[in-house]
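Chemist: Submitted below is the structure of interest, expressed as structure tokens.
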Amino acid sequence: MKLFYSPGACSQAPHIILRETGTPFTLVKVDLGQHKTQEGGNYYALNPKGQVPLLALDDGSTLSEGPVIAQYIAEQAGRQDLLPPVGSFARYKVLEWQNYITSELHKSFSPLFDPRYDAATKALFIEQLGKKFTWVDSRLQGQAYLTGDTFTVADAYLFVITGWAPRVGVDLSGLANVQAFLARMAQRDSVKAAWEAEGLAKAA
């Protein structure tokens, strides 16, 4: 497998899952500004969406949505701790979180990275994100991870997205459960390895 990524982007979530499962893979860095791979290839030719992550398989097949890539990796590895089996209610709870993180958290961050939005508009998104993370904080009360005491694919996604908050002025410092979650996640070997491989400072 090849995982096309950009350092610190949402592609880091499936990157963490690849390392959690011990799946053999190769990282290929993408310059999203130039839309070129580290070898100089045209990334649009591989993924017309122009976004990361992209998972390329040996047979030429590709997957290009992070939550789906994470699901594929977990299932191929037979890791039912990361994603419970088909038909189980526990599985739907993990997928429920994946959907929420995608639609309510991930996409709410997008305007904050876009210089075309003015300060007033960004302030509105910051306020909305604050409310949403306050709710997430309440769901983490008394448990280590989103669905209980077992790490799943959804936790990797939440960790990566939440890590963007300080960069764009979203203050989550008062959310004790979220902060404990981030600290707990930062100690996972898979997270440390992903940060190091992406050329970032190790999570602390």
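Residue numbering restarts at 1 in every chain; chains get A, B, ... in the order shown in the structure tokens, and ligands count up from 1 in that same order.
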Extract the full set of strand (DSSP E) residues from segment 17-158 of chain A according to DSSP on the backbone, and format it as a ChimeraX atom specification.
Modeler: /A:26-31,36-37,54-56,62-63
Chemist: Take the residues that were just selected and, keeping all heavy atoms, output them as a compact mmCIF listing (two decimals), in the first residue's frame.
Modeler:
```
# COMPACT_ATOMS: atom_id res chain seq x y z
N THR A 26 3.95 2.36 2.34
CA THR A 26 4.92 3.39 1.98
C THR A 26 4.23 4.75 2.05
O THR A 26 3.10 4.89 1.58
CB THR A 26 5.46 3.16 0.55
OG1 THR A 26 6.07 1.88 0.47
CG2 THR A 26 6.47 4.23 0.17
N LEU A 27 4.90 5.71 2.64
CA LEU A 27 4.39 7.07 2.68
C LEU A 27 4.85 7.85 1.46
O LEU A 27 6.02 7.78 1.08
CB LEU A 27 4.89 7.79 3.93
CG LEU A 27 4.17 7.59 5.26
CD1 LEU A 27 4.91 8.36 6.35
CD2 LEU A 27 2.72 8.03 5.20
N VAL A 28 3.93 8.59 0.87
CA VAL A 28 4.28 9.47 -0.24
C VAL A 28 3.76 10.87 0.09
O VAL A 28 2.55 11.09 0.18
CB VAL A 28 3.68 8.98 -1.57
CG1 VAL A 28 4.10 9.92 -2.71
CG2 VAL A 28 4.08 7.56 -1.86
N LYS A 29 4.68 11.79 0.27
CA LYS A 29 4.32 13.16 0.65
C LYS A 29 3.76 13.92 -0.55
O LYS A 29 4.26 13.80 -1.68
CB LYS A 29 5.54 13.88 1.20
CG LYS A 29 5.26 15.24 1.80
CD LYS A 29 6.54 15.81 2.41
CE LYS A 29 6.33 17.18 3.04
NZ LYS A 29 7.57 17.70 3.63
N VAL A 30 2.73 14.71 -0.30
CA VAL A 30 2.10 15.51 -1.35
C VAL A 30 2.19 16.99 -0.98
O VAL A 30 1.86 17.38 0.15
CB VAL A 30 0.61 15.11 -1.54
CG1 VAL A 30 -0.05 16.00 -2.58
CG2 VAL A 30 0.49 13.64 -1.92
N ASP A 31 2.61 17.80 -1.93
CA ASP A 31 2.58 19.25 -1.78
C ASP A 31 1.21 19.70 -2.29
O ASP A 31 0.97 19.74 -3.51
CB ASP A 31 3.70 19.88 -2.61
CG ASP A 31 3.77 21.40 -2.46
OD1 ASP A 31 2.71 22.03 -2.21
OD2 ASP A 31 4.87 21.96 -2.61
N LYS A 36 1.65 18.31 -6.27
CA LYS A 36 2.67 17.39 -6.78
C LYS A 36 3.09 16.43 -5.68
O LYS A 36 3.11 16.79 -4.49
CB LYS A 36 3.89 18.16 -7.29
CG LYS A 36 3.62 18.97 -8.55
CD LYS A 36 4.90 19.56 -9.11
CE LYS A 36 4.61 20.35 -10.38
NZ LYS A 36 4.12 19.48 -11.45
N THR A 37 3.46 15.21 -6.07
CA THR A 37 3.98 14.24 -5.12
C THR A 37 5.46 14.53 -4.89
O THR A 37 6.07 15.34 -5.60
CB THR A 37 3.83 12.81 -5.65
OG1 THR A 37 4.67 12.65 -6.82
CG2 THR A 37 2.39 12.51 -6.03
N LEU A 54 -4.94 9.61 0.20
CA LEU A 54 -5.25 8.66 -0.87
C LEU A 54 -4.49 7.39 -0.55
O LEU A 54 -3.30 7.44 -0.25
CB LEU A 54 -4.80 9.21 -2.23
CG LEU A 54 -5.08 8.28 -3.43
CD1 LEU A 54 -6.57 8.31 -3.77
CD2 LEU A 54 -4.25 8.70 -4.64
N LEU A 55 -5.18 6.27 -0.60
CA LEU A 55 -4.54 4.98 -0.39
C LEU A 55 -4.52 4.25 -1.72
O LEU A 55 -5.56 4.05 -2.35
CB LEU A 55 -5.31 4.14 0.65
CG LEU A 55 -4.64 2.83 1.06
CD1 LEU A 55 -3.40 3.10 1.93
CD2 LEU A 55 -5.63 1.94 1.82
N ALA A 56 -3.33 3.89 -2.18
CA ALA A 56 -3.17 3.18 -3.43
C ALA A 56 -2.75 1.74 -3.15
O ALA A 56 -1.81 1.51 -2.38
CB ALA A 56 -2.14 3.87 -4.31
N THR A 62 -7.68 2.52 -5.74
CA THR A 62 -7.44 3.60 -4.78
C THR A 62 -8.68 3.87 -3.94
O THR A 62 -9.81 3.62 -4.36
CB THR A 62 -7.05 4.91 -5.49
OG1 THR A 62 -8.10 5.32 -6.37
CG2 THR A 62 -5.74 4.75 -6.26
N LEU A 63 -8.45 4.39 -2.75
CA LEU A 63 -9.50 4.92 -1.88
C LEU A 63 -9.07 6.33 -1.49
O LEU A 63 -7.90 6.56 -1.22
CB LEU A 63 -9.66 4.06 -0.63
CG LEU A 63 -10.32 2.69 -0.77
CD1 LEU A 63 -10.22 1.93 0.55
CD2 LEU A 63 -11.77 2.83 -1.19
```
Chemist: I need the residue nearest Glu196 of chain A from this list: A:Ile16, A:Ile101, A:Ile126, A:Val153. Use only C-alpha atoms for the distance.
Modeler: A:Ile16
Chemist: Enumerate, as JSON, numbers by chain, the complete set of residues in segment 14-146 of chain A that a backbone-based DSSP assignment places in helix (DSSP H, G or I).
Modeler: {"A": [14, 15, 16, 17, 18, 19, 20, 21, 43, 44, 45, 46, 66, 67, 68, 69, 70, 71, 72, 73, 74, 75, 76, 89, 90, 91, 92, 93, 94, 95, 96, 97, 98, 99, 100, 101, 102, 103, 104, 105, 106, 107, 108, 109, 110, 111, 112, 113, 119, 120, 121, 122, 123, 124, 125, 126, 127, 128, 129, 130, 131, 132, 133, 134, 135, 136, 137, 138, 139]}
Chemist: For a quick check of understanding, using only C-alpha atoms, which of A:Glu96, A:Asp114, A:Asp58, A:Glu104 has the smallest distance to Leu146 of chain A?
Modeler: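 Looking only at the distances to Leu146 of chain A, the closest residue turns out to be A:Glu96.
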Chemist: Just how far from atom CA of Gln141 of chain A is atom CA of Phe181 of chain A, in Å to one decimal?
Modeler: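 These atoms are spaced 10.0 Å apart.
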Chemist: As a list of chain:residue names, please: the residues near Gly174 of chain A (cut-off 12 Å, only C-alpha atoms, same-chain neighbours under 3 positions excluded).
Modeler: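 Final neighbour list, sorted by chain and number: A:Gly130, A:Phe133, A:Thr134, A:Asp137, A:Val170, A:Asp171, A:Asn177, A:Val178, A:Gln179, A:Ala180.
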Chemist: Give me the residues within 12 Å of Gln12 of chain A as a ChimeraX atom specification, counting only C-alpha atoms and dropping any in the same chain fewer than 2 places off.
Modeler: /A:3-10,14-19,27,29,52-54,66-67,69-70,153,155-161,163-164,190-200
Chemist: Taking C-alpha atoms for each residue, export the selection above as a PDB file, in the first residue's frame.
Modeler:
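Result file follows (part.pdb):
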```pdb
ATOM      1  CA  LEU A   3      -0.514   6.390   1.628  1.00  0.00           C
ATOM      2  CA  PHE A   4      -0.384   9.811   0.029  1.00  0.00           C
ATOM      3  CA  TYR A   5      -0.304  12.404   2.806  1.00  0.00           C
ATOM      4  CA  SER A   6       0.463  15.956   3.809  1.00  0.00           C
ATOM      5  CA  PRO A   7       2.126  16.494   7.208  1.00  0.00           C
ATOM      6  CA  GLY A   8      -0.400  17.151   9.959  1.00  0.00           C
ATOM      7  CA  ALA A   9      -3.397  16.964   7.609  1.00  0.00           C
ATOM      8  CA  CYS A  10      -6.361  14.635   8.092  1.00  0.00           C
ATOM      9  CA  PRO A  14      -5.285   6.602   8.551  1.00  0.00           C
ATOM     10  CA  HIS A  15      -1.515   6.899   8.920  1.00  0.00           C
ATOM     11  CA  ILE A  16      -1.927   6.223  12.651  1.00  0.00           C
ATOM     12  CA  ILE A  17      -4.224   3.268  11.905  1.00  0.00           C
ATOM     13  CA  LEU A  18      -1.694   1.790   9.492  1.00  0.00           C
ATOM     14  CA  ARG A  19       0.870   1.858  12.287  1.00  0.00           C
ATOM     15  CA  LEU A  27       4.386   7.071   2.685  1.00  0.00           C
ATOM     16  CA  LYS A  29       4.316  13.158   0.647  1.00  0.00           C
ATOM     17  CA  VAL A  52      -5.278  13.805   0.919  1.00  0.00           C
ATOM     18  CA  PRO A  53      -5.381  11.071   2.025  1.00  0.00           C
ATOM     19  CA  LEU A  54      -5.246   8.664  -0.873  1.00  0.00           C
ATOM     20  CA  GLY A  66     -10.066   9.178   5.269  1.00  0.00           C
ATOM     21  CA  PRO A  67     -12.793   7.460   7.318  1.00  0.00           C
ATOM     22  CA  ILE A  69      -9.546   4.275   4.309  1.00  0.00           C
ATOM     23  CA  ALA A  70      -9.357   3.752   8.073  1.00  0.00           C
ATOM     24  CA  VAL A 153     -10.444   4.381  14.286  1.00  0.00           C
ATOM     25  CA  ASP A 155     -10.190   8.219  18.169  1.00  0.00           C
ATOM     26  CA  ALA A 156      -7.365   8.614  15.669  1.00  0.00           C
ATOM     27  CA  TYR A 157      -9.528  10.934  13.585  1.00  0.00           C
ATOM     28  CA  LEU A 158     -10.605  13.036  16.566  1.00  0.00           C
ATOM     29  CA  PHE A 159      -7.011  13.344  17.759  1.00  0.00           C
ATOM     30  CA  VAL A 160      -5.771  14.682  14.436  1.00  0.00           C
ATOM     31  CA  ILE A 161      -8.639  17.134  13.929  1.00  0.00           C
ATOM     32  CA  GLY A 163      -4.771  19.064  17.084  1.00  0.00           C
ATOM     33  CA  TRP A 164      -5.589  21.831  14.616  1.00  0.00           C
ATOM     34  CA  SER A 190       1.512   4.656  16.619  1.00  0.00           C
ATOM     35  CA  VAL A 191       0.981   8.385  17.117  1.00  0.00           C
ATOM     36  CA  LYS A 192       4.615   9.031  17.995  1.00  0.00           C
ATOM     37  CA  ALA A 193       5.749   7.045  14.959  1.00  0.00           C
ATOM     38  CA  ALA A 194       3.351   8.878  12.644  1.00  0.00           C
ATOM     39  CA  TRP A 195       4.501  12.287  13.881  1.00  0.00           C
ATOM     40  CA  GLU A 196       8.128  11.342  13.439  1.00  0.00           C
ATOM     41  CA  ALA A 197       7.568   9.917   9.956  1.00  0.00           C
ATOM     42  CA  GLU A 198       5.712  13.061   8.867  1.00  0.00           C
ATOM     43  CA  GLY A 199       8.603  15.230  10.019  1.00  0.00           C
ATOM     44  CA  LEU A 200       6.685  16.862  12.839  1.00  0.00           C
TER      45      LEU A 200
END
```
